[in-house]
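Peer 1: One file: final-v8.tsv (TSV, N, CA, C and O atoms).
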chain	number	residue	atom	x	y	z
A	1	MET	N	10.87	-30.91	-39.35
A	1	MET	CA	10.13	-30.41	-38.20
A	1	MET	C	11.11	-30.21	-37.04
A	1	MET	O	11.92	-31.06	-36.74
A	2	GLY	N	11.03	-29.06	-36.38
A	2	GLY	CA	11.94	-28.73	-35.28
A	2	GLY	C	11.38	-29.15	-33.93
A	2	GLY	O	10.30	-29.72	-33.83
A	3	PHE	N	12.16	-28.89	-32.94
A	3	PHE	CA	11.74	-29.17	-31.58
A	3	PHE	C	10.78	-28.09	-31.13
A	3	PHE	O	11.02	-26.91	-31.31
A	4	LEU	N	9.68	-28.50	-30.52
A	4	LEU	CA	8.71	-27.55	-30.00
A	4	LEU	C	8.71	-27.60	-28.49
A	4	LEU	O	8.60	-28.67	-27.90
A	5	VAL	N	8.87	-26.45	-27.89
A	5	VAL	CA	8.88	-26.32	-26.44
A	5	VAL	C	7.94	-25.19	-26.09
A	5	VAL	O	7.96	-24.14	-26.74
A	6	GLU	N	7.10	-25.39	-25.09
A	6	GLU	CA	6.21	-24.33	-24.68
A	6	GLU	C	6.92	-23.47	-23.63
A	6	GLU	O	7.34	-23.96	-22.59
A	7	VAL	N	7.10	-22.19	-23.95
A	7	VAL	CA	7.79	-21.27	-23.07
A	7	VAL	C	6.83	-20.13	-22.74
A	7	VAL	O	6.28	-19.50	-23.64
A	8	SER	N	6.64	-19.88	-21.46
A	8	SER	CA	5.70	-18.84	-21.04
A	8	SER	C	6.28	-17.45	-21.28
A	8	SER	O	7.50	-17.27	-21.36
A	9	ASP	N	5.40	-16.47	-21.38
A	9	ASP	CA	5.83	-15.08	-21.53
A	9	ASP	C	6.70	-14.66	-20.36
A	9	ASP	O	7.67	-13.92	-20.54
A	10	GLU	N	6.38	-15.12	-19.18
A	10	GLU	CA	7.16	-14.80	-17.98
A	10	GLU	C	8.58	-15.36	-18.09
A	10	GLU	O	9.55	-14.69	-17.76
A	11	GLU	N	8.70	-16.59	-18.58
A	11	GLU	CA	10.02	-17.20	-18.77
A	11	GLU	C	10.84	-16.42	-19.79
A	11	GLU	O	12.03	-16.18	-19.60
A	12	ILE	N	10.21	-16.03	-20.87
A	12	ILE	CA	10.89	-15.23	-21.90
A	12	ILE	C	11.36	-13.92	-21.31
A	12	ILE	O	12.51	-13.52	-21.50
A	13	ARG	N	10.50	-13.24	-20.56
A	13	ARG	CA	10.87	-11.98	-19.93
A	13	ARG	C	12.06	-12.16	-18.99
A	13	ARG	O	13.02	-11.39	-19.01
A	14	ARG	N	12.03	-13.21	-18.19
A	14	ARG	CA	13.10	-13.49	-17.21
A	14	ARG	C	14.43	-13.77	-17.93
A	14	ARG	O	15.47	-13.24	-17.54
A	15	GLU	N	14.41	-14.56	-18.99
A	15	GLU	CA	15.64	-14.89	-19.71
A	15	GLU	C	16.20	-13.68	-20.45
A	15	GLU	O	17.41	-13.49	-20.53
A	16	ARG	N	15.33	-12.84	-20.98
A	16	ARG	CA	15.80	-11.62	-21.65
A	16	ARG	C	16.45	-10.68	-20.64
A	16	ARG	O	17.44	-10.02	-20.96
A	17	GLN	N	15.91	-10.62	-19.43
A	17	GLN	CA	16.50	-9.79	-18.38
A	17	GLN	C	17.89	-10.33	-18.00
A	17	GLN	O	18.84	-9.56	-17.85
A	18	LYS	N	18.02	-11.64	-17.88
A	18	LYS	CA	19.33	-12.24	-17.58
A	18	LYS	C	20.33	-11.90	-18.69
A	18	LYS	O	21.49	-11.60	-18.41
A	19	ALA	N	19.89	-11.94	-19.95
A	19	ALA	CA	20.77	-11.61	-21.07
A	19	ALA	C	21.22	-10.15	-20.98
A	19	ALA	O	22.39	-9.85	-21.21
A	20	ARG	N	20.30	-9.25	-20.63
A	20	ARG	CA	20.67	-7.84	-20.48
A	20	ARG	C	21.73	-7.68	-19.40
A	20	ARG	O	22.68	-6.91	-19.57
A	21	GLU	N	21.58	-8.41	-18.30
A	21	GLU	CA	22.56	-8.33	-17.21
A	21	GLU	C	23.92	-8.86	-17.66
A	21	GLU	O	24.96	-8.28	-17.37
A	22	LEU	N	23.92	-9.96	-18.40
A	22	LEU	CA	25.18	-10.53	-18.89
A	22	LEU	C	25.87	-9.62	-19.90
A	22	LEU	O	27.10	-9.60	-19.98
A	23	ARG	N	25.10	-8.84	-20.68
A	23	ARG	CA	25.69	-7.92	-21.65
A	23	ARG	C	26.59	-6.89	-20.97
A	23	ARG	O	27.54	-6.41	-21.57
A	24	ALA	N	26.31	-6.58	-19.71
A	24	ALA	CA	27.11	-5.59	-18.98
A	24	ALA	C	28.31	-6.22	-18.27
A	24	ALA	O	29.12	-5.51	-17.69
A	25	SER	N	28.43	-7.54	-18.33
A	25	SER	CA	29.48	-8.23	-17.57
A	25	SER	C	30.83	-8.19	-18.28
A	25	SER	O	30.90	-8.12	-19.51
A	26	PRO	N	31.91	-8.26	-17.50
A	26	PRO	CA	33.25	-8.33	-18.10
A	26	PRO	C	33.39	-9.56	-19.03
A	26	PRO	O	34.05	-9.48	-20.05
A	27	TRP	N	32.74	-10.66	-18.67
A	27	TRP	CA	32.78	-11.87	-19.51
A	27	TRP	C	32.30	-11.54	-20.92
A	27	TRP	O	32.96	-11.89	-21.91
A	28	TRP	N	31.16	-10.88	-21.05
A	28	TRP	CA	30.62	-10.57	-22.37
A	28	TRP	C	31.48	-9.54	-23.08
A	28	TRP	O	31.70	-9.63	-24.29
A	29	GLN	N	31.98	-8.56	-22.35
A	29	GLN	CA	32.83	-7.53	-22.97
A	29	GLN	C	34.08	-8.17	-23.59
A	29	GLN	O	34.48	-7.81	-24.69
A	30	ARG	N	34.67	-9.13	-22.89
A	30	ARG	CA	35.84	-9.84	-23.44
A	30	ARG	C	35.46	-10.67	-24.66
A	30	ARG	O	36.17	-10.69	-25.67
A	31	LYS	N	34.34	-11.37	-24.57
A	31	LYS	CA	33.89	-12.22	-25.68
A	31	LYS	C	33.65	-11.38	-26.93
A	31	LYS	O	34.07	-11.74	-28.03
A	32	ARG	N	33.00	-10.26	-26.76
A	32	ARG	CA	32.70	-9.37	-27.88
A	32	ARG	C	33.97	-8.71	-28.42
A	32	ARG	O	34.13	-8.53	-29.62
A	33	ALA	N	34.87	-8.35	-27.50
A	33	ALA	CA	36.11	-7.66	-27.90
A	33	ALA	C	36.98	-8.54	-28.80
A	33	ALA	O	37.77	-8.03	-29.59
A	34	ALA	N	36.82	-9.86	-28.70
A	34	ALA	CA	37.59	-10.77	-29.56
A	34	ALA	C	37.24	-10.54	-31.03
A	34	ALA	O	38.04	-10.85	-31.92
A	35	GLY	N	36.03	-10.03	-31.31
A	35	GLY	CA	35.65	-9.67	-32.67
A	35	GLY	C	35.31	-10.82	-33.59
A	35	GLY	O	35.25	-10.65	-34.80
A	36	LEU	N	35.07	-12.01	-33.04
A	36	LEU	CA	34.86	-13.20	-33.86
A	36	LEU	C	33.39	-13.63	-33.82
A	36	LEU	O	32.82	-13.83	-32.76
A	37	CYS	N	32.80	-13.79	-35.01
A	37	CYS	CA	31.43	-14.31	-35.11
A	37	CYS	C	31.48	-15.82	-34.93
A	37	CYS	O	32.22	-16.51	-35.64
A	38	HIS	N	30.70	-16.32	-34.01
A	38	HIS	CA	30.65	-17.76	-33.73
A	38	HIS	C	30.20	-18.56	-34.95
A	38	HIS	O	30.66	-19.67	-35.16
A	39	HIS	N	29.32	-18.02	-35.74
A	39	HIS	CA	28.69	-18.76	-36.84
A	39	HIS	C	29.52	-18.78	-38.12
A	39	HIS	O	29.75	-19.84	-38.69
A	40	CYS	N	29.95	-17.61	-38.59
A	40	CYS	CA	30.67	-17.57	-39.88
A	40	CYS	C	32.18	-17.48	-39.70
A	40	CYS	O	32.92	-17.65	-40.67
A	41	GLY	N	32.64	-17.22	-38.48
A	41	GLY	CA	34.07	-17.12	-38.22
A	41	GLY	C	34.70	-15.82	-38.67
A	41	GLY	O	35.91	-15.64	-38.58
A	42	GLY	N	33.87	-14.88	-39.14
A	42	GLY	CA	34.38	-13.59	-39.59
A	42	GLY	C	34.86	-12.71	-38.46
A	42	GLY	O	34.43	-12.87	-37.31
A	43	GLN	N	35.77	-11.79	-38.77
A	43	GLN	CA	36.28	-10.81	-37.82
A	43	GLN	C	35.48	-9.52	-37.99
A	43	GLN	O	35.29	-9.06	-39.12
A	44	PHE	N	35.02	-8.93	-36.88
A	44	PHE	CA	34.20	-7.73	-36.89
A	44	PHE	C	34.61	-6.81	-35.75
A	44	PHE	O	35.07	-7.29	-34.72
A	45	PRO	N	34.37	-5.50	-35.90
A	45	PRO	CA	34.54	-4.62	-34.75
A	45	PRO	C	33.55	-5.05	-33.67
A	45	PRO	O	32.44	-5.50	-33.98
A	46	ALA	N	33.93	-4.93	-32.41
A	46	ALA	CA	33.07	-5.36	-31.30
A	46	ALA	C	31.67	-4.76	-31.40
A	46	ALA	O	30.68	-5.44	-31.14
A	47	ARG	N	31.58	-3.51	-31.83
A	47	ARG	CA	30.26	-2.84	-31.90
A	47	ARG	C	29.33	-3.50	-32.92
A	47	ARG	O	28.13	-3.29	-32.89
A	48	ASP	N	29.90	-4.29	-33.84
A	48	ASP	CA	29.09	-4.94	-34.87
A	48	ASP	C	28.69	-6.37	-34.51
A	48	ASP	O	28.07	-7.06	-35.33
A	49	LEU	N	29.01	-6.81	-33.30
A	49	LEU	CA	28.63	-8.16	-32.86
A	49	LEU	C	27.45	-8.08	-31.90
A	49	LEU	O	27.37	-7.17	-31.07
A	50	THR	N	26.55	-9.04	-32.02
A	50	THR	CA	25.38	-9.10	-31.15
A	50	THR	C	25.45	-10.37	-30.30
A	50	THR	O	26.19	-11.30	-30.61
A	51	MET	N	24.65	-10.39	-29.25
A	51	MET	CA	24.54	-11.57	-28.41
A	51	MET	C	23.51	-12.50	-29.03
A	51	MET	O	22.40	-12.09	-29.33
A	52	ASP	N	23.90	-13.75	-29.23
A	52	ASP	CA	23.00	-14.72	-29.85
A	52	ASP	C	22.88	-15.93	-28.93
A	52	ASP	O	23.86	-16.41	-28.38
A	53	HIS	N	21.66	-16.40	-28.76
A	53	HIS	CA	21.40	-17.63	-28.00
A	53	HIS	C	21.49	-18.80	-28.98
A	53	HIS	O	20.76	-18.82	-29.97
A	54	LEU	N	22.38	-19.76	-28.72
A	54	LEU	CA	22.46	-20.94	-29.59
A	54	LEU	C	21.12	-21.65	-29.63
A	54	LEU	O	20.63	-22.03	-30.68
A	55	VAL	N	20.54	-21.88	-28.47
A	55	VAL	CA	19.17	-22.39	-28.38
A	55	VAL	C	18.33	-21.16	-28.02
A	55	VAL	O	18.45	-20.63	-26.91
A	56	PRO	N	17.54	-20.65	-28.96
A	56	PRO	CA	16.78	-19.42	-28.71
A	56	PRO	C	15.85	-19.54	-27.50
A	56	PRO	O	15.36	-20.63	-27.18
A	57	ILE	N	15.63	-18.42	-26.84
A	57	ILE	CA	14.77	-18.39	-25.65
A	57	ILE	C	13.40	-18.99	-25.97
A	57	ILE	O	12.88	-19.78	-25.19
A	58	ILE	N	12.82	-18.62	-27.10
A	58	ILE	CA	11.48	-19.12	-27.40
A	58	ILE	C	11.46	-20.61	-27.73
A	58	ILE	O	10.41	-21.21	-27.83
A	59	ARG	N	12.65	-21.20	-27.86
A	59	ARG	CA	12.77	-22.64	-28.08
A	59	ARG	C	13.21	-23.35	-26.81
A	59	ARG	O	13.61	-24.51	-26.83
A	60	GLY	N	13.20	-22.64	-25.68
A	60	GLY	CA	13.55	-23.24	-24.40
A	60	GLY	C	14.97	-22.95	-23.95
A	60	GLY	O	15.40	-23.43	-22.90
A	61	GLY	N	15.72	-22.16	-24.70
A	61	GLY	CA	17.10	-21.83	-24.35
A	61	GLY	C	17.17	-20.89	-23.16
A	61	GLY	O	16.23	-20.14	-22.88
A	62	LYS	N	18.29	-20.91	-22.48
A	62	LYS	CA	18.51	-20.08	-21.31
A	62	LYS	C	19.59	-19.05	-21.60
A	62	LYS	O	20.42	-19.23	-22.48
A	63	SER	N	19.58	-17.98	-20.83
A	63	SER	CA	20.61	-16.95	-20.94
A	63	SER	C	21.75	-17.31	-19.99
A	63	SER	O	21.90	-16.76	-18.92
A	64	THR	N	22.55	-18.28	-20.44
A	64	THR	CA	23.71	-18.75	-19.68
A	64	THR	C	24.95	-18.64	-20.56
A	64	THR	O	24.84	-18.62	-21.79
A	65	LYS	N	26.10	-18.57	-19.93
A	65	LYS	CA	27.34	-18.42	-20.69
A	65	LYS	C	27.53	-19.54	-21.72
A	65	LYS	O	28.06	-19.31	-22.79
A	66	GLY	N	27.07	-20.72	-21.42
A	66	GLY	CA	27.22	-21.84	-22.35
A	66	GLY	C	26.28	-21.78	-23.55
A	66	GLY	O	26.47	-22.50	-24.52
A	67	ASN	N	25.26	-20.92	-23.48
A	67	ASN	CA	24.29	-20.83	-24.56
A	67	ASN	C	24.40	-19.50	-25.32
A	67	ASN	O	23.65	-19.27	-26.27
A	68	LEU	N	25.31	-18.63	-24.91
A	68	LEU	CA	25.43	-17.31	-25.53
A	68	LEU	C	26.73	-17.19	-26.31
A	68	LEU	O	27.79	-17.57	-25.81
A	69	VAL	N	26.63	-16.68	-27.52
A	69	VAL	CA	27.80	-16.49	-28.37
A	69	VAL	C	27.73	-15.11	-29.03
A	69	VAL	O	26.65	-14.52	-29.15
A	70	ALA	N	28.89	-14.64	-29.47
A	70	ALA	CA	28.94	-13.41	-30.25
A	70	ALA	C	28.63	-13.77	-31.71
A	70	ALA	O	29.10	-14.77	-32.23
A	71	SER	N	27.82	-12.94	-32.33
A	71	SER	CA	27.38	-13.21	-33.69
A	71	SER	C	27.33	-11.91	-34.48
A	71	SER	O	26.90	-10.88	-33.95
A	72	CYS	N	27.75	-11.96	-35.75
A	72	CYS	CA	27.57	-10.77	-36.58
A	72	CYS	C	26.06	-10.61	-36.82
A	72	CYS	O	25.28	-11.55	-36.69
A	73	LYS	N	25.68	-9.40	-37.17
A	73	LYS	CA	24.25	-9.12	-37.33
A	73	LYS	C	23.62	-9.94	-38.45
A	73	LYS	O	22.49	-10.39	-38.33
A	74	ASP	N	24.38	-10.18	-39.53
A	74	ASP	CA	23.84	-10.98	-40.64
A	74	ASP	C	23.53	-12.40	-40.19
A	74	ASP	O	22.46	-12.93	-40.49
A	75	CYS	N	24.48	-13.03	-39.50
A	75	CYS	CA	24.26	-14.42	-39.04
A	75	CYS	C	23.12	-14.48	-38.03
A	75	CYS	O	22.28	-15.38	-38.10
A	76	ASN	N	23.08	-13.53	-37.11
A	76	ASN	CA	22.03	-13.53	-36.10
A	76	ASN	C	20.66	-13.37	-36.76
A	76	ASN	O	19.72	-14.09	-36.43
A	77	SER	N	20.56	-12.49	-37.72
A	77	SER	CA	19.29	-12.28	-38.43
A	77	SER	C	18.90	-13.50	-39.25
A	77	SER	O	17.72	-13.88	-39.31
A	78	ARG	N	19.87	-14.12	-39.89
A	78	ARG	CA	19.60	-15.29	-40.73
A	78	ARG	C	19.07	-16.45	-39.89
A	78	ARG	O	18.17	-17.17	-40.31
A	79	ARG	N	19.64	-16.64	-38.70
A	79	ARG	CA	19.26	-17.77	-37.85
A	79	ARG	C	17.87	-17.59	-37.25
A	79	ARG	O	17.16	-18.56	-37.01
A	80	LYS	N	17.50	-16.39	-36.92
A	80	LYS	CA	16.23	-16.09	-36.24
A	80	LYS	C	16.04	-17.01	-35.05
A	80	LYS	O	16.75	-16.89	-34.07
A	81	HIS	N	15.08	-17.92	-35.12
A	81	HIS	CA	14.78	-18.79	-33.98
A	81	HIS	C	15.18	-20.24	-34.24
A	81	HIS	O	14.64	-21.15	-33.64
A	82	GLU	N	16.12	-20.44	-35.16
A	82	GLU	CA	16.55	-21.79	-35.50
A	82	GLU	C	17.62	-22.30	-34.53
A	82	GLU	O	18.39	-21.53	-33.97
A	83	LEU	N	17.64	-23.61	-34.38
A	83	LEU	CA	18.72	-24.26	-33.64
A	83	LEU	C	19.91	-24.38	-34.58
A	83	LEU	O	19.74	-24.37	-35.81
A	84	PRO	N	21.13	-24.50	-34.04
A	84	PRO	CA	22.31	-24.57	-34.92
A	84	PRO	C	22.21	-25.63	-36.03
A	84	PRO	O	22.56	-25.35	-37.18
A	85	PHE	N	21.70	-26.80	-35.73
A	85	PHE	CA	21.63	-27.84	-36.77
A	85	PHE	C	20.57	-27.53	-37.82
A	85	PHE	O	20.65	-28.00	-38.95
A	86	GLU	N	19.59	-26.70	-37.48
A	86	GLU	CA	18.56	-26.33	-38.45
A	86	GLU	C	19.06	-25.26	-39.42
A	86	GLU	O	18.63	-25.20	-40.57
A	87	SER	N	19.99	-24.42	-38.94
A	87	SER	CA	20.50	-23.34	-39.78
A	87	SER	C	21.79	-23.72	-40.50
A	87	SER	O	22.31	-22.95	-41.29
A	88	GLY	N	22.29	-24.91	-40.25
A	88	GLY	CA	23.49	-25.38	-40.92
A	88	GLY	C	24.78	-24.95	-40.25
A	88	GLY	O	25.85	-25.13	-40.78
A	89	ASP	N	24.69	-24.34	-39.05
A	89	ASP	CA	25.90	-23.92	-38.32
A	89	ASP	C	26.56	-25.08	-37.63
A	89	ASP	O	25.99	-26.05	-37.29
Once you've parsed the file, please lay out its structure as structure tokens.
Peer 2:
Amino acid sequence: MGFLVEVSDEEIRRERQKARELRASPWWQRKRAAGLCHHCGGQFPARDLTMDHLVPIIRGGKSTKGNLVASCKDCNSRRKHELPFESGD
């Protein structure tokens, strides 16, 4: 059984907006340009990496630099809304 946190639709909307703003930042561009998936350690072209919340927004996670990592699409899809310890990362 995982951790359950009640997150309002407004909170989800606000955190997704923050993530969109961070995607345009030099910080994210550098992180993505490194080409490294946080989860599997694979090397990928920057265009093939997505922004992943270690603690998903719907689980109470925030769109902060400490909670955002670059992830290949396969790892991001596999994790869905799991916490790192639930997905084995």
Peer 1: Check segment 37-67 of chain A with DSSP on the backbone and list each residue it calls strand (DSSP E or B), as a list of chain:residue names.
Peer 2: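 Checking each residue of segment 37-67 of chain A, the strand (DSSP E or B) ones are A:Gln43, A:Leu49, A:Thr50, A:Met51, A:Asp52, A:His53.
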Peer 1: Keeping only N, CA, C and O atoms, write the selected residues to a file as a compact mmCIF listing (two decimals), in the frame of the given file.
Peer 2:
# COMPACT_ATOMS: atom_id res chain seq x y z
N GLN A 43 35.77 -11.79 -38.77
CA GLN A 43 36.28 -10.81 -37.82
C GLN A 43 35.48 -9.52 -37.99
O GLN A 43 35.29 -9.06 -39.12
N LEU A 49 29.01 -6.81 -33.30
CA LEU A 49 28.63 -8.16 -32.86
C LEU A 49 27.45 -8.08 -31.90
O LEU A 49 27.37 -7.17 -31.07
N THR A 50 26.55 -9.04 -32.02
CA THR A 50 25.38 -9.10 -31.15
C THR A 50 25.45 -10.37 -30.30
O THR A 50 26.19 -11.30 -30.61
N MET A 51 24.65 -10.39 -29.25
CA MET A 51 24.54 -11.57 -28.41
C MET A 51 23.51 -12.50 -29.03
O MET A 51 22.40 -12.09 -29.33
N ASP A 52 23.90 -13.75 -29.23
CA ASP A 52 23.00 -14.72 -29.85
C ASP A 52 22.88 -15.93 -28.93
O ASP A 52 23.86 -16.41 -28.38
N HIS A 53 21.66 -16.40 -28.76
CA HIS A 53 21.40 -17.63 -28.00
C HIS A 53 21.49 -18.80 -28.98
O HIS A 53 20.76 -18.82 -29.97
Peer 1: I need the residue nearest Glu15 of chain A from this list: A:Arg47, A:His81, A:Lys62, A:His53. Use all atoms listed in the file for the distance.
Peer 2: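 Under the stated criterion, the closest residue is A:Lys62.
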Peer 1: What separation in Å, quoted to one decimal, exists between atom O of Asn67 of chain A and atom C of Ala24 of chain A?
Peer 2: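 Between atom O of Asn67 of chain A and atom C of Ala24 of chain A the gap is 16.0 Å.
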Peer 1: Using all atoms of segment 18-36 of chain A listed in the file and a margin of 8 Å per side, can you give the axis-aligned box centre and edge lengths in Å to one decimal, as JSON?
Peer 2:
{"center_x": 28.0, "center_y": -9.7, "center_z": -26.0, "size_x": 36.0, "size_y": 24.3, "size_z": 33.6}
Peer 1: Excluding segment 73-76 of chain A and residues on its chain fewer than 3 positions from it, collect all residues at most 8 Å away from it, counting only C-alpha atoms, and give them as a list in words.
Peer 2: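 The neighbour list is His39, Cys40, Asp48, Leu49, Thr50, Asp52, Arg79 and Lys80 of chain A.
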Peer 1: Selection from above, N, CA, C and O atoms, as a JSON list (two decimals), keeping the file's coordinate frame, can you write it?
Peer 2:
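Once written, again-v5.json looks like this:
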[["chain", "number", "residue", "atom", "x", "y", "z"],
["A", 39, "HIS", "N", 29.32, -18.02, -35.74],
["A", 39, "HIS", "CA", 28.69, -18.76, -36.84],
["A", 39, "HIS", "C", 29.52, -18.78, -38.12],
["A", 39, "HIS", "O", 29.75, -19.84, -38.69],
["A", 40, "CYS", "N", 29.95, -17.61, -38.59],
["A", 40, "CYS", "CA", 30.67, -17.57, -39.88],
["A", 40, "CYS", "C", 32.18, -17.48, -39.70],
["A", 40, "CYS", "O", 32.92, -17.65, -40.67],
["A", 48, "ASP", "N", 29.90, -4.29, -33.84],
["A", 48, "ASP", "CA", 29.09, -4.94, -34.87],
["A", 48, "ASP", "C", 28.69, -6.37, -34.51],
["A", 48, "ASP", "O", 28.07, -7.06, -35.33],
["A", 49, "LEU", "N", 29.01, -6.81, -33.30],
["A", 49, "LEU", "CA", 28.63, -8.16, -32.86],
["A", 49, "LEU", "C", 27.45, -8.08, -31.90],
["A", 49, "LEU", "O", 27.37, -7.17, -31.07],
["A", 50, "THR", "N", 26.55, -9.04, -32.02],
["A", 50, "THR", "CA", 25.38, -9.10, -31.15],
["A", 50, "THR", "C", 25.45, -10.37, -30.30],
["A", 50, "THR", "O", 26.19, -11.30, -30.61],
["A", 52, "ASP", "N", 23.90, -13.75, -29.23],
["A", 52, "ASP", "CA", 23.00, -14.72, -29.85],
["A", 52, "ASP", "C", 22.88, -15.93, -28.93],
["A", 52, "ASP", "O", 23.86, -16.41, -28.38],
["A", 79, "ARG", "N", 19.64, -16.64, -38.70],
["A", 79, "ARG", "CA", 19.26, -17.77, -37.85],
["A", 79, "ARG", "C", 17.87, -17.59, -37.25],
["A", 79, "ARG", "O", 17.16, -18.56, -37.01],
["A", 80, "LYS", "N", 17.50, -16.39, -36.92],
["A", 80, "LYS", "CA", 16.23, -16.09, -36.24],
["A", 80, "LYS", "C", 16.04, -17.01, -35.05],
["A", 80, "LYS", "O", 16.75, -16.89, -34.07]]
Peer 1: Would you mind telling me which residue in A:Leu54, A:Gly41, A:Trp28, A:Val5 lies nearest to Gly66 of chain A when using all atoms listed in the file?
Peer 2: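 The closest residue to Gly66 of chain A is A:Leu54.
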Peer 1: Quick one: pull the distance between atom O of Thr64 of chain A and atom N of Arg32 of chain A, Å, one decimal.
Peer 2: 12.7 Å
Peer 1: Ranking A:Arg14, A:Gly61, A:Pro45, A:Pro56 by minimum distance to Lys31 of chain A and counting only C-alpha atoms, which one comes first?
Peer 2: A:Pro45
Peer 1: I'd like to know which of A:Ser63, A:Ala34, A:Ile58, A:Ser71 is closest to Gln17 of chain A, using all atoms listed in the file.
Peer 2: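 Counting all atoms listed in the file, the residue closest to Gln17 of chain A is A:Ser63.
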Peer 1: Work out how far atom C of Phe85 of chain A is from atom CA of Cys72 of chain A, in Å to one decimal.
Peer 2: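 Separation between atom CA of Cys72 of chain A and atom C of Phe85 of chain A: 18.2 Å.
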Peer 1: Which residues in chain A does DSSP call helix (DSSP H, G or I)? List them as a ChimeraX atom specification.
Peer 2: /A:9-23,26-33,46-48,57-59,65-67,73-79,84-87
Peer 1: Identify, on the basis of only N, CA, C and O atoms, every residue whose closest approach to Ala33 of chain A does not exceed 7 Å; exclude the query and any residue fewer than 6 positions from it along the same chain; express the result as a list in words.
Peer 2: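 After dropping sequence-adjacent residues, the list is Trp27, Phe44, Pro45 and Ala46 of chain A.
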Peer 1: Could you take the residues named above and write them with N, CA, C and O atoms, as a compact mmCIF listing (two decimals), in the coordinates of the input?
Peer 2:
# COMPACT_ATOMS: atom_id res chain seq x y z
N TRP A 27 32.74 -10.66 -18.67
CA TRP A 27 32.78 -11.87 -19.51
C TRP A 27 32.30 -11.54 -20.92
O TRP A 27 32.96 -11.89 -21.91
N PHE A 44 35.02 -8.93 -36.88
CA PHE A 44 34.20 -7.73 -36.89
C PHE A 44 34.61 -6.81 -35.75
O PHE A 44 35.07 -7.29 -34.72
N PRO A 45 34.37 -5.50 -35.90
CA PRO A 45 34.54 -4.62 -34.75
C PRO A 45 33.55 -5.05 -33.67
O PRO A 45 32.44 -5.50 -33.98
N ALA A 46 33.93 -4.93 -32.41
CA ALA A 46 33.07 -5.36 -31.30
C ALA A 46 31.67 -4.76 -31.40
O ALA A 46 30.68 -5.44 -31.14
Peer 1: Taking 5 positions as the minimum chain separation for residues in the same chain, which residues sit within 8 Å of Val7 of chain A when counting all atoms listed in the file? Answer as an MDAnalysis selection string.
Peer 2: chainID A and resid 12 57:60
